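Text of start05.csv, listed as CSV, C-alpha atoms:
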```csv
chain,number,residue,atom,x,y,z
K,1,MET,CA,10.9,2.3,25.3
K,2,PHE,CA,7.3,1.3,24.4
K,3,MET,CA,6.0,4.8,25.5
K,4,ARG,CA,8.5,6.4,23.2
K,5,PHE,CA,7.4,4.1,20.4
K,6,PHE,CA,3.8,5.3,21.0
K,7,THR,CA,4.6,9.0,21.1
K,8,GLU,CA,6.7,8.9,18.0
K,9,LEU,CA,3.9,7.1,16.1
K,10,ARG,CA,1.6,10.0,17.1
K,11,GLU,CA,4.2,12.6,16.0
K,12,ALA,CA,4.4,10.8,12.6
K,13,LYS,CA,0.7,11.3,12.2
K,14,VAL,CA,-0.2,7.6,12.6
K,15,PRO,CA,-3.6,7.8,14.4
K,16,VAL,CA,-2.8,5.6,17.3
K,17,THR,CA,-5.1,5.7,20.3
K,18,LEU,CA,-4.4,5.1,24.0
K,19,LYS,CA,-6.8,2.2,23.9
K,20,GLU,CA,-4.9,0.5,21.1
K,21,TYR,CA,-1.6,1.0,23.0
K,22,LEU,CA,-3.1,-0.5,26.1
K,23,ILE,CA,-4.3,-3.5,24.1
K,24,LEU,CA,-0.7,-4.0,22.8
K,25,MET,CA,0.7,-3.8,26.4
K,26,GLU,CA,-1.9,-6.3,27.6
K,27,ALA,CA,-0.9,-8.7,24.8
K,28,MET,CA,2.7,-8.3,25.8
K,29,ASP,CA,1.8,-8.9,29.4
K,30,LYS,CA,-0.1,-12.1,28.6
K,31,GLN,CA,2.8,-13.3,26.4
K,32,VAL,CA,0.7,-14.0,23.3
K,33,ILE,CA,3.8,-13.9,21.2
K,34,ASP,CA,7.3,-15.2,21.5
K,35,ARG,CA,9.9,-12.7,22.4
K,36,THR,CA,11.2,-12.2,18.9
K,37,VAL,CA,11.5,-8.9,16.9
K,38,ASP,CA,9.5,-10.4,14.1
K,39,ASP,CA,6.6,-11.3,16.3
K,40,PHE,CA,6.6,-8.0,18.1
K,41,TYR,CA,6.7,-6.1,14.8
K,42,TYR,CA,3.7,-7.9,13.4
K,43,LEU,CA,1.8,-7.8,16.7
K,44,SER,CA,2.3,-4.0,17.1
K,45,ARG,CA,1.5,-3.4,13.5
K,46,SER,CA,-1.8,-5.3,13.8
K,47,ALA,CA,-2.7,-3.5,17.0
K,48,LEU,CA,-1.7,0.0,16.1
K,49,VAL,CA,-2.2,0.4,12.3
K,50,LYS,CA,-5.8,0.7,11.0
K,51,ASP,CA,-5.2,1.8,7.4
K,52,GLU,CA,-2.7,0.6,4.8
K,53,LYS,CA,-1.7,4.1,4.0
K,54,ASN,CA,0.0,4.4,7.4
K,55,LEU,CA,2.1,1.2,7.1
K,56,ASP,CA,5.1,3.0,5.6
K,57,LYS,CA,5.0,5.6,8.4
K,58,PHE,CA,4.8,2.8,11.0
K,59,ASP,CA,7.8,1.1,9.5
K,60,LYS,CA,9.9,4.3,9.6
K,61,VAL,CA,9.0,4.9,13.3
K,62,PHE,CA,9.6,1.3,14.2
K,63,GLY,CA,13.1,1.3,12.6
K,64,HIS,CA,13.9,4.7,14.2
K,65,VAL,CA,12.9,3.7,17.7
K,66,PHE,CA,14.8,0.4,17.7
K,67,LYS,CA,17.7,1.6,15.8
K,68,GLY,CA,18.3,4.0,18.7
K,69,MET,CA,19.0,1.1,21.0
K,70,GLU,CA,22.5,0.8,19.4
K,71,ASN,CA,23.5,4.0,21.3
K,72,LEU,CA,21.8,3.4,24.6
K,73,SER,CA,23.4,2.7,27.9
K,74,ASP,CA,24.4,-0.8,29.3
K,75,ASP,CA,21.3,-0.8,31.5
K,76,VAL,CA,18.9,-0.5,28.6
K,77,ILE,CA,20.8,-3.0,26.5
K,78,ALA,CA,20.7,-5.4,29.4
K,79,ASP,CA,16.9,-5.2,29.0
K,80,ILE,CA,17.1,-7.2,25.8
K,81,PRO,CA,16.8,-10.8,27.1
K,82,ALA,CA,19.8,-13.0,26.2
K,83,GLU,CA,17.4,-15.8,25.7
K,84,TRP,CA,15.5,-13.8,23.2
K,85,LEU,CA,18.6,-13.3,21.1
K,86,LYS,CA,19.6,-16.9,21.5
K,87,ARG,CA,16.3,-18.1,20.2
K,88,LEU,CA,16.7,-15.9,17.1
K,89,ALA,CA,20.1,-17.5,16.6
K,90,ASP,CA,18.7,-21.0,16.8
K,91,LYS,CA,16.1,-20.0,14.3
K,92,PHE,CA,18.2,-18.4,11.7
K,93,LEU,CA,21.7,-19.8,11.8
K,94,THR,CA,23.0,-22.9,10.1
K,95,ASP,CA,24.7,-25.7,11.9
K,96,GLU,CA,28.1,-24.6,10.5
K,97,GLU,CA,27.6,-21.0,11.9
K,98,LYS,CA,26.5,-22.4,15.3
K,99,ALA,CA,29.7,-24.5,15.4
K,100,GLN,CA,31.7,-21.3,14.7
K,101,ILE,CA,30.0,-19.6,17.7
K,102,GLU,CA,30.9,-22.5,20.0
K,103,ALA,CA,34.5,-22.3,18.8
K,104,MET,CA,34.6,-18.7,19.8
K,105,GLY,CA,33.4,-19.5,23.3
K,106,GLY,CA,29.7,-19.9,22.9
K,107,PHE,CA,26.7,-17.6,23.0
K,108,GLU,CA,27.4,-16.4,26.5
K,109,LYS,CA,30.8,-15.2,25.4
K,110,LEU,CA,29.2,-13.3,22.5
K,111,MET,CA,26.9,-11.5,25.0
K,112,GLU,CA,29.8,-10.6,27.2
K,113,ALA,CA,31.6,-9.1,24.2
K,114,LEU,CA,28.5,-7.2,23.3
K,115,ALA,CA,28.3,-5.7,26.8
K,116,GLU,CA,32.0,-4.7,26.6
K,117,GLN,CA,31.4,-3.1,23.2
K,118,ALA,CA,28.6,-1.1,24.6
K,119,ARG,CA,30.7,0.0,27.5
K,120,ARG,CA,33.5,1.1,25.2
K,121,ARG,CA,31.1,3.2,23.1
K,122,LYS,CA,29.7,4.8,26.2
K,123,GLU,CA,33.1,5.8,27.4
K,124,GLY,CA,34.1,7.2,24.1
K,125,GLN,CA,36.7,4.7,23.2
K,126,ASP,CA,35.5,4.2,19.6
K,127,GLY,CA,37.8,4.8,16.7
K,128,GLU,CA,37.0,7.3,14.0
K,129,ASP,CA,34.9,4.7,12.2
K,130,GLY,CA,32.7,4.2,15.2
K,131,GLU,CA,33.8,0.6,15.8
K,132,GLY,CA,36.3,1.0,18.6
K,133,GLN,CA,39.5,-1.0,18.5
K,134,ARG,CA,37.9,-3.6,16.3
K,135,GLY,CA,37.0,-5.8,19.3
K,136,GLY,CA,40.7,-6.5,20.0
K,137,ARG,CA,40.9,-8.7,16.9
K,138,PRO,CA,44.3,-9.0,15.1
K,139,ASP,CA,42.6,-9.0,11.8
K,140,GLY,CA,40.7,-5.8,12.6
K,141,SER,CA,37.3,-7.4,12.4
K,142,ASN,CA,34.4,-6.6,14.8
K,143,PRO,CA,31.5,-8.9,15.3
K,144,PHE,CA,29.1,-6.0,16.0
K,145,GLY,CA,27.4,-3.2,14.1
K,146,ALA,CA,25.9,-3.3,10.6
K,147,ASN,CA,29.4,-3.6,9.0
K,148,GLY,CA,30.7,-6.2,11.5
K,149,TYR,CA,31.3,-9.8,10.8
K,150,HIS,CA,30.0,-12.6,13.0
K,151,PRO,CA,27.8,-15.6,12.1
K,152,GLU,CA,25.4,-14.2,14.7
K,153,GLY,CA,26.0,-10.5,14.0
K,154,ILE,CA,23.5,-8.3,15.8
K,155,ARG,CA,22.4,-5.6,13.4
K,156,VAL,CA,20.4,-2.6,14.2
K,157,GLY,CA,19.8,0.0,11.5
K,158,GLN,CA,21.5,0.9,8.2
K,159,GLU,CA,20.3,-0.3,4.9
K,160,LYS,CA,22.5,-3.3,4.5
K,161,GLY,CA,25.4,-5.1,6.1
K,162,ARG,CA,28.7,-5.9,4.5
K,163,HIS,CA,28.4,-9.6,4.9
K,164,GLY,CA,24.6,-10.2,4.8
K,165,ARG,CA,24.7,-12.3,8.0
K,166,ALA,CA,22.6,-10.1,10.3
K,167,ILE,CA,19.8,-11.9,12.1
K,168,LYS,CA,17.3,-9.1,11.8
K,169,VAL,CA,17.1,-5.7,10.2
K,170,TRP,CA,14.9,-3.9,12.6
K,171,ASP,CA,14.1,-1.0,10.4
K,172,LYS,CA,13.1,-2.9,7.3
K,173,ARG,CA,10.3,-1.2,5.5
K,174,GLU,CA,7.9,-3.6,3.6
K,175,TYR,CA,5.2,-1.2,2.7
K,176,LYS,CA,6.8,1.7,0.8
K,177,ASN,CA,4.7,3.9,-1.4
K,178,LEU,CA,1.4,3.5,0.5
K,179,ASP,CA,1.2,7.0,1.7
K,180,ASP,CA,-1.7,9.3,0.6
K,181,GLN,CA,0.2,11.5,-1.8
K,182,VAL,CA,2.8,9.3,-3.3
K,183,GLU,CA,2.9,8.4,-7.0
K,184,LEU,CA,0.7,5.5,-7.9
K,185,GLY,CA,1.8,2.0,-8.7
K,186,THR,CA,-0.4,-0.9,-9.8
K,187,ARG,CA,-0.3,-2.5,-6.4
K,188,ASN,CA,-1.3,0.7,-4.7
K,189,ILE,CA,-4.1,1.3,-7.1
K,190,LYS,CA,-5.5,-2.1,-6.5
K,191,VAL,CA,-5.5,-1.5,-2.8
K,192,ALA,CA,-7.5,1.7,-3.3
K,193,LEU,CA,-9.9,0.2,-5.9
K,194,ARG,CA,-10.8,-2.6,-3.5
K,195,ARG,CA,-12.8,0.0,-1.6
K,196,LEU,CA,-15.4,-0.4,-4.3
K,197,ARG,CA,-17.0,-3.8,-3.6
K,198,LYS,CA,-20.3,-5.6,-3.8
K,199,TRP,CA,-19.7,-9.2,-2.8
K,200,VAL,CA,-22.1,-11.9,-4.0
K,201,ARG,CA,-21.7,-15.7,-4.4
K,202,ASP,CA,-21.6,-16.4,-8.1
K,203,GLY,CA,-20.4,-19.0,-10.5
K,204,SER,CA,-19.7,-22.7,-10.2
K,205,VAL,CA,-19.4,-24.5,-6.8
K,206,GLU,CA,-15.8,-24.4,-5.9
K,207,GLU,CA,-15.4,-23.3,-2.3
K,208,LEU,CA,-15.8,-25.3,0.9
K,209,ASP,CA,-18.8,-24.1,3.1
K,210,MET,CA,-17.3,-24.7,6.5
K,211,ASP,CA,-20.4,-23.8,8.5
K,212,LYS,CA,-22.8,-26.1,6.5
K,213,THR,CA,-20.2,-28.9,6.5
K,214,ILE,CA,-19.9,-28.8,10.3
K,215,LYS,CA,-23.6,-28.6,10.8
K,216,GLY,CA,-24.3,-31.4,8.3
K,217,THR,CA,-21.7,-33.7,9.8
K,218,ALA,CA,-23.1,-33.2,13.3
K,219,GLU,CA,-26.6,-33.9,12.1
K,220,LYS,CA,-25.9,-37.0,10.0
K,221,GLY,CA,-23.1,-38.5,12.0
K,222,TYR,CA,-20.7,-38.8,9.1
K,223,LEU,CA,-18.6,-36.4,7.1
K,224,ASP,CA,-21.0,-34.3,5.0
K,225,ILE,CA,-19.0,-32.0,2.8
K,226,ASN,CA,-20.9,-28.9,1.5
K,227,MET,CA,-19.6,-26.6,-1.3
K,228,ARG,CA,-20.7,-23.2,-2.4
K,229,PRO,CA,-19.8,-20.6,-5.1
K,230,GLU,CA,-16.9,-18.3,-4.4
K,231,ARG,CA,-17.6,-14.7,-3.5
K,232,ARG,CA,-17.0,-12.3,-6.3
K,233,ASN,CA,-17.0,-8.6,-6.7
K,234,LYS,CA,-20.1,-7.8,-8.8
K,235,ILE,CA,-19.6,-4.1,-9.2
K,236,SER,CA,-20.1,-3.1,-12.8
K,237,VAL,CA,-17.9,-0.3,-14.2
K,238,LEU,CA,-17.9,2.0,-17.2
K,239,LEU,CA,-14.4,3.5,-17.7
K,240,PHE,CA,-13.9,6.4,-20.1
K,241,LEU,CA,-10.2,7.3,-20.7
K,242,ASP,CA,-9.0,10.5,-22.3
K,243,VAL,CA,-6.2,9.9,-24.7
K,244,GLY,CA,-3.9,12.1,-26.8
K,245,GLY,CA,-2.7,15.7,-26.5
K,246,SER,CA,-1.9,16.8,-23.0
K,247,MET,CA,-2.7,13.3,-21.7
K,248,ASP,CA,0.5,11.9,-23.3
K,249,SER,CA,2.5,13.0,-20.2
K,250,HIS,CA,0.2,10.9,-18.0
K,251,ILE,CA,0.4,7.6,-20.0
K,252,LYS,CA,2.3,5.7,-17.3
K,253,ILE,CA,-0.2,6.5,-14.5
K,254,CYS,CA,-3.2,5.7,-16.8
K,255,GLU,CA,-1.7,2.4,-17.9
K,256,GLU,CA,-1.2,1.4,-14.2
K,257,LEU,CA,-4.8,2.4,-13.4
K,258,PHE,CA,-6.2,0.6,-16.4
K,259,SER,CA,-4.2,-2.6,-15.5
K,260,ALA,CA,-5.4,-2.5,-11.9
K,261,ALA,CA,-9.0,-1.8,-12.8
K,262,ARG,CA,-9.1,-4.7,-15.2
K,263,SER,CA,-7.8,-7.0,-12.5
K,264,GLU,CA,-10.1,-5.7,-9.8
K,265,PHE,CA,-13.4,-5.3,-11.7
K,266,LYS,CA,-14.3,-8.4,-13.6
K,267,ASN,CA,-17.4,-6.7,-15.1
K,268,MET,CA,-15.9,-3.6,-16.7
K,269,GLU,CA,-16.3,-1.9,-20.1
K,270,PHE,CA,-13.8,0.8,-21.3
K,271,PHE,CA,-13.9,3.4,-24.0
K,272,TYR,CA,-11.6,6.2,-25.2
K,273,PHE,CA,-12.4,9.8,-25.9
K,274,HIS,CA,-10.3,13.0,-26.5
K,275,ASN,CA,-10.6,16.0,-24.1
K,276,CYS,CA,-14.4,15.8,-23.7
K,277,LEU,CA,-17.1,13.3,-24.3
K,278,TYR,CA,-19.0,13.8,-27.6
K,279,GLU,CA,-21.3,11.6,-29.8
K,280,GLY,CA,-18.6,9.1,-30.5
K,281,VAL,CA,-16.1,7.0,-28.6
K,282,TRP,CA,-13.8,4.1,-29.5
K,283,LYS,CA,-12.1,1.0,-28.1
K,284,ASP,CA,-9.0,0.9,-30.3
K,285,ASN,CA,-6.9,4.0,-30.7
K,286,ARG,CA,-5.4,2.7,-34.0
K,287,ARG,CA,-8.9,2.8,-35.5
K,288,ARG,CA,-10.3,5.8,-33.7
K,289,HIS,CA,-11.4,7.4,-36.9
K,290,THR,CA,-12.9,4.3,-38.6
K,291,GLU,CA,-14.4,2.3,-35.8
K,292,LYS,CA,-16.2,4.8,-33.6
K,293,LEU,CA,-19.0,3.7,-31.4
K,294,ASN,CA,-22.2,5.8,-30.9
K,295,THR,CA,-22.1,7.3,-27.4
K,296,TYR,CA,-25.9,7.4,-27.2
K,297,ASP,CA,-26.1,3.6,-27.8
K,298,ILE,CA,-23.5,2.9,-25.1
K,299,LEU,CA,-25.4,5.0,-22.6
K,300,HIS,CA,-28.6,3.0,-23.2
K,301,LYS,CA,-26.9,-0.3,-23.4
K,302,TYR,CA,-25.4,-0.5,-19.9
K,303,PRO,CA,-27.9,-0.2,-17.0
K,304,HIS,CA,-28.1,2.7,-14.7
K,305,ASP,CA,-26.5,0.7,-11.8
K,306,TYR,CA,-23.1,0.9,-13.5
K,307,LYS,CA,-20.4,3.0,-11.8
K,308,VAL,CA,-19.0,5.5,-14.3
K,309,ILE,CA,-15.3,6.6,-14.0
K,310,PHE,CA,-13.8,9.3,-16.3
K,311,VAL,CA,-10.0,9.6,-16.4
K,312,GLY,CA,-8.6,12.8,-17.9
K,313,ASP,CA,-6.8,16.0,-17.2
K,314,ALA,CA,-9.8,18.1,-18.4
K,315,THR,CA,-7.3,20.6,-19.8
K,316,MET,CA,-8.7,22.1,-23.0
K,317,SER,CA,-10.3,25.3,-24.3
K,318,PRO,CA,-13.6,26.0,-22.5
K,319,TYR,CA,-15.2,26.2,-26.0
K,320,GLU,CA,-14.6,22.4,-26.4
K,321,ILE,CA,-17.0,21.9,-23.5
K,322,THR,CA,-19.6,24.6,-23.9
K,323,TYR,CA,-20.2,25.1,-27.7
K,324,PRO,CA,-21.2,23.0,-30.6
K,325,GLY,CA,-18.3,22.6,-33.0
K,326,GLY,CA,-15.9,23.2,-30.2
K,327,SER,CA,-14.0,19.9,-30.7
K,328,VAL,CA,-10.6,20.2,-32.1
K,329,GLU,CA,-10.9,16.9,-34.1
K,330,HIS,CA,-14.4,17.1,-35.8
K,331,TRP,CA,-17.6,19.0,-35.9
K,332,ASN,CA,-19.7,18.2,-32.9
K,333,GLU,CA,-23.4,19.1,-33.3
K,334,GLU,CA,-24.0,19.1,-29.6
K,335,ALA,CA,-21.7,20.6,-27.0
K,336,GLY,CA,-19.7,18.3,-24.8
K,337,ALA,CA,-21.5,19.7,-21.7
K,338,VAL,CA,-24.8,18.2,-23.2
K,339,TRP,CA,-23.2,14.7,-23.3
K,340,MET,CA,-21.8,15.0,-19.8
K,341,ASP,CA,-25.2,16.0,-18.6
K,342,ARG,CA,-26.8,12.9,-20.2
K,343,VAL,CA,-24.3,10.7,-18.4
K,344,SER,CA,-25.2,12.3,-15.1
K,345,GLN,CA,-28.9,11.9,-15.8
K,346,ILE,CA,-28.6,8.2,-16.6
K,347,TYR,CA,-26.1,7.1,-14.0
K,348,ASP,CA,-26.3,7.9,-10.3
K,349,SER,CA,-22.6,7.2,-9.6
K,350,VAL,CA,-20.2,9.2,-11.7
K,351,VAL,CA,-16.6,10.4,-10.8
K,352,TRP,CA,-13.8,12.0,-12.6
K,353,LEU,CA,-10.1,11.2,-11.9
K,354,ASN,CA,-7.7,13.9,-12.8
K,355,PRO,CA,-3.9,13.1,-13.1
K,356,THR,CA,-3.1,16.8,-12.9
K,357,ALA,CA,-2.0,17.8,-9.4
K,358,GLU,CA,-4.9,19.3,-7.5
K,359,ARG,CA,-3.0,22.5,-6.6
K,360,HIS,CA,-3.0,23.4,-10.3
K,361,TRP,CA,-6.7,23.0,-11.0
K,362,ASP,CA,-7.7,26.6,-10.2
K,363,TYR,CA,-5.4,27.9,-13.0
K,364,THR,CA,-7.3,26.0,-15.7
K,365,PRO,CA,-10.9,27.2,-16.4
K,366,SER,CA,-11.9,24.0,-18.2
K,367,ILE,CA,-11.1,21.9,-15.1
K,368,GLY,CA,-13.5,24.0,-13.1
K,369,LEU,CA,-16.2,23.6,-15.8
K,370,MET,CA,-15.8,19.8,-15.9
K,371,LYS,CA,-15.8,19.6,-12.1
K,372,GLN,CA,-19.2,21.4,-12.1
K,373,LEU,CA,-20.6,19.0,-14.8
K,374,VAL,CA,-19.8,15.9,-12.7
K,375,GLY,CA,-21.4,17.4,-9.6
K,376,ASP,CA,-18.1,18.4,-7.9
K,377,ARG,CA,-17.0,14.8,-7.9
K,378,MET,CA,-13.6,15.3,-9.4
K,379,TYR,CA,-10.7,13.7,-7.5
K,380,PRO,CA,-6.9,13.8,-8.0
K,381,LEU,CA,-5.3,10.6,-9.3
K,382,THR,CA,-3.5,9.8,-6.0
K,383,ILE,CA,-4.1,7.1,-3.5
K,384,ASP,CA,-6.1,9.5,-1.3
K,385,GLY,CA,-8.0,10.7,-4.3
K,386,LEU,CA,-8.8,7.2,-5.4
K,387,GLU,CA,-10.0,6.2,-2.0
K,388,LYS,CA,-12.4,9.2,-1.9
K,389,ALA,CA,-13.6,8.4,-5.4
K,390,MET,CA,-14.3,4.8,-4.5
K,391,LYS,CA,-16.1,5.9,-1.3
K,392,GLU,CA,-18.3,8.2,-3.4
K,393,LEU,CA,-19.1,5.4,-5.9
K,394,SER,CA,-20.1,3.1,-3.0
K,395,ARG,CA,-22.9,5.4,-1.8
```
I'd like the structure from this file rewritten - as structure tokens, please.
Amino acid sequence: MFMRFFTELREAKVPVTLKEYLILMEAMDKQVIDRTVDDFYYLSRSALVKDEKNLDKFDKVFGHVFKGMENLSDDVIADIPAEWLKRLADKFLTDEEKAQIEAMGGFEKLMEALAEQARRRKEGQDGEDGEGQRGGRPDGSNPFGANGYHPEGIRVGQEKGRHGRAIKVWDKREYKNLDDQVELGTRNIKVALRRLRKWVRDGSVEELDMDKTIKGTAEKGYLDINMRPERRNKISVLLFLDVGGSMDSHIKICEELFSAARSEFKNMEFFYFHNCLYEGVWKDNRRRHTEKLNTYDILHKYPHDYKVIFVGDATMSPYEITYPGGSVEHWNEEAGAVWMDRVSQIYDSVVWLNPTAERHWDYTPSIGLMKQLVGDRMYPLTIDGLEKAMKELSR
């Protein structure tokens, strides 16, 4: 069973190595966990999954492998220790439900009925609904299966039970939407943005320094509590957001990115532009024509160690990038390419995040032009693209 688990993880493109598998087997052999499904799930996930993006794949395989036990032979089912299931029962059931089990003949009786149910399935005595003769109950109820009823119902697979009394749903997936190419969500974006970090201890004293406290107590002979500032992410970010026009169809993704970035980067400044960067940007779209900020002043206000992130689909006429007067909103004396070059000259770390699917980039000339202007550091606005962009900014 465990070998099948390992091979199916490999087939699902979860990069599990033989060494990691042997570590898991060693942990099981040394009984570092109780024999519960919960403990094995978390132990195996910790040992075999190295990247958050593979958590959903892992959950799918875990559910598939152990859901298959419902249809295995008696010999394999017998491999599930009765004591294991009994401890699960003691942990999750109420006193009233335990009393109901005793009234039915106790836990041993339940296990005997489970073995009988497995035998009947194997011999093909199930009814059309897959639940046999309802366990011989006059009321037609069956204590087993996802749709069965029993205070200690053993549930393997299916999304939900009819009565909500199952001890454990083996194929529960807790980490959906963490794959590389899925649509973004605020939580997923935060996970990707956390790749860009520079930890320093800053601010007021508010965290216990355990090492110094232990050392001071040992030296002085009495409790010597030492505090220290909390570690904070000191990365500084300039965020330029394209708004209006073709970007209207990407509002939701950009809002999620903006929300996550404000949460993750405490030292972040943001500005809006349209299509391409020119001599003016703004911070309030309602006053974009009356309260513009001089781009030149901004580029010389924030130091060169800032990380610069542009967000836009770069979809426009090539003239808007390459010629003076190319802007569709005003007369720009200098081409947008000149301003993009100035940004690259001042800041070492510049990336462009494009919400347009990467497979469409080659069909839009302006995207190719902008990609060249940012030194080929344009990335799709996906989890994988964000991770690559944060890695680039961390250099």
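For the atom pair formed by atom CA of Tyr302 of chain K and atom CA of Val237 of chain K, the distance is 9.4 Å, given to one decimal.
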#### Entry: Exercise: Tyr319 of chain K partners within 10 Å, only C-alpha atoms, chain neighbours under 4 positions left out, as a ChimeraX atom specification
/K:323-328,335-336,366
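Atom to atom, atom CA of Lys292 of chain K and atom CA of Ile309 of chain K stand 19.7 Å apart.
Relative to atom CA of Val308 of chain K, atom CA of Lys283 of chain K is found at 16.1 Å.
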### Task
Neighbourhood query: residues within 8 Å of (-19.9, 7.2, -28.3), file coordinates, counting only C-alpha atoms; return as a list in words.
Leu277, Tyr278, Glu279, Gly280, Val281, Trp282, Lys292, Leu293, Asn294, Thr295, Tyr296, Asp297 and Ile298 of chain K
Only C-alpha atoms, please: the residues just picked out, written as a compact mmCIF listing (two decimals), in the frame of the given file.
```txt
# COMPACT_ATOMS: atom_id res chain seq x y z
CA LEU K 277 -17.10 13.30 -24.30
CA TYR K 278 -19.00 13.80 -27.60
CA GLU K 279 -21.30 11.60 -29.80
CA GLY K 280 -18.60 9.10 -30.50
CA VAL K 281 -16.10 7.00 -28.60
CA TRP K 282 -13.80 4.10 -29.50
CA LYS K 292 -16.20 4.80 -33.60
CA LEU K 293 -19.00 3.70 -31.40
CA ASN K 294 -22.20 5.80 -30.90
CA THR K 295 -22.10 7.30 -27.40
CA TYR K 296 -25.90 7.40 -27.20
CA ASP K 297 -26.10 3.60 -27.80
CA ILE K 298 -23.50 2.90 -25.10
```
#### Entry: Spatial neighbours of Leu24 of chain K, max dist 9 Å, only C-alpha atoms, sep filter under 6 positions, as a PyMOL selection string
chain K and resi 43-44+47-48
Using only C-alpha atoms, which residues of segment 243-311 of chain K come within 12 Å of segment 376-382 of chain K, and what is the closest atom pair for each, with the distance in Å to one decimal? Give it as a Markdown table, sorted by chain and residue number.
```
| residue | atom | partner | partner_atom | distance |
| --- | --- | --- | --- | --- |
| K:His250 | CA | K:Leu381 | CA | 10.3 |
| K:Ile253 | CA | K:Leu381 | CA | 8.4 |
| K:Cys254 | CA | K:Leu381 | CA | 9.2 |
| K:Glu256 | CA | K:Leu381 | CA | 11.2 |
| K:Leu257 | CA | K:Leu381 | CA | 9.2 |
| K:Val308 | CA | K:Arg377 | CA | 11.5 |
| K:Ile309 | CA | K:Met378 | CA | 10.0 |
| K:Phe310 | CA | K:Met378 | CA | 9.1 |
| K:Val311 | CA | K:Leu381 | CA | 8.6 |
```
### Message
Under the rule that only C-alpha atoms are counted, which of K:Leu193, K:Leu393, K:Val243, K:Val65 is the nearest residue to Lys307 of chain K?
### Response
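That would be K:Leu393, the residue with the smallest distance to Lys307 of chain K.
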Per-residue nearest contacts of segment 31-66 of chain K to segment 3-16 of chain K (10 Å; all atoms listed in the file) as a tab-separated table:
```
residue	atom	partner	partner_atom	distance
K:Ala47	CA	K:Val16	CA	9.1
K:Leu48	CA	K:Val16	CA	5.8
K:Val49	CA	K:Val16	CA	7.2
K:Lys50	CA	K:Pro15	CA	8.2
K:Asp51	CA	K:Val14	CA	9.3
K:Lys53	CA	K:Val14	CA	9.4
K:Asn54	CA	K:Val14	CA	6.1
K:Leu55	CA	K:Val14	CA	8.7
K:Asp56	CA	K:Val14	CA	9.9
K:Lys57	CA	K:Ala12	CA	6.7
K:Phe58	CA	K:Leu9	CA	6.7
K:Asp59	CA	K:Leu9	CA	9.7
K:Lys60	CA	K:Ala12	CA	9.0
K:Val61	CA	K:Leu9	CA	6.2
K:Phe62	CA	K:Phe5	CA	7.1
K:His64	CA	K:Phe5	CA	9.0
K:Val65	CA	K:Phe5	CA	6.1
K:Phe66	CA	K:Phe5	CA	8.7
```
### Query
Between K:Lys266, K:His304, K:Arg45, K:Arg342, which has the minimum distance to Tyr21 of chain K (counting all atoms listed in the file)?
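The closest residue to Tyr21 of chain K is K:Arg45.
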### Message
Give me, as a ChimeraX atom specification, all polymer residues having an atom no more than 12 Å from Ser246 of chain K, counting only C-alpha atoms and skipping those fewer than 4 positions away in the same chain.
### Response
/K:242,250-251,274-275,312-316,355-356
Output file for the selection above: C-alpha atoms, as a JSON list (two decimals), in the coordinates of the input:
```json
[["chain", "number", "residue", "atom", "x", "y", "z"],
["K", 242, "ASP", "CA", -9.00, 10.50, -22.30],
["K", 250, "HIS", "CA", 0.20, 10.90, -18.00],
["K", 251, "ILE", "CA", 0.40, 7.60, -20.00],
["K", 274, "HIS", "CA", -10.30, 13.00, -26.50],
["K", 275, "ASN", "CA", -10.60, 16.00, -24.10],
["K", 312, "GLY", "CA", -8.60, 12.80, -17.90],
["K", 313, "ASP", "CA", -6.80, 16.00, -17.20],
["K", 314, "ALA", "CA", -9.80, 18.10, -18.40],
["K", 315, "THR", "CA", -7.30, 20.60, -19.80],
["K", 316, "MET", "CA", -8.70, 22.10, -23.00],
["K", 355, "PRO", "CA", -3.90, 13.10, -13.10],
["K", 356, "THR", "CA", -3.10, 16.80, -12.90]]
```
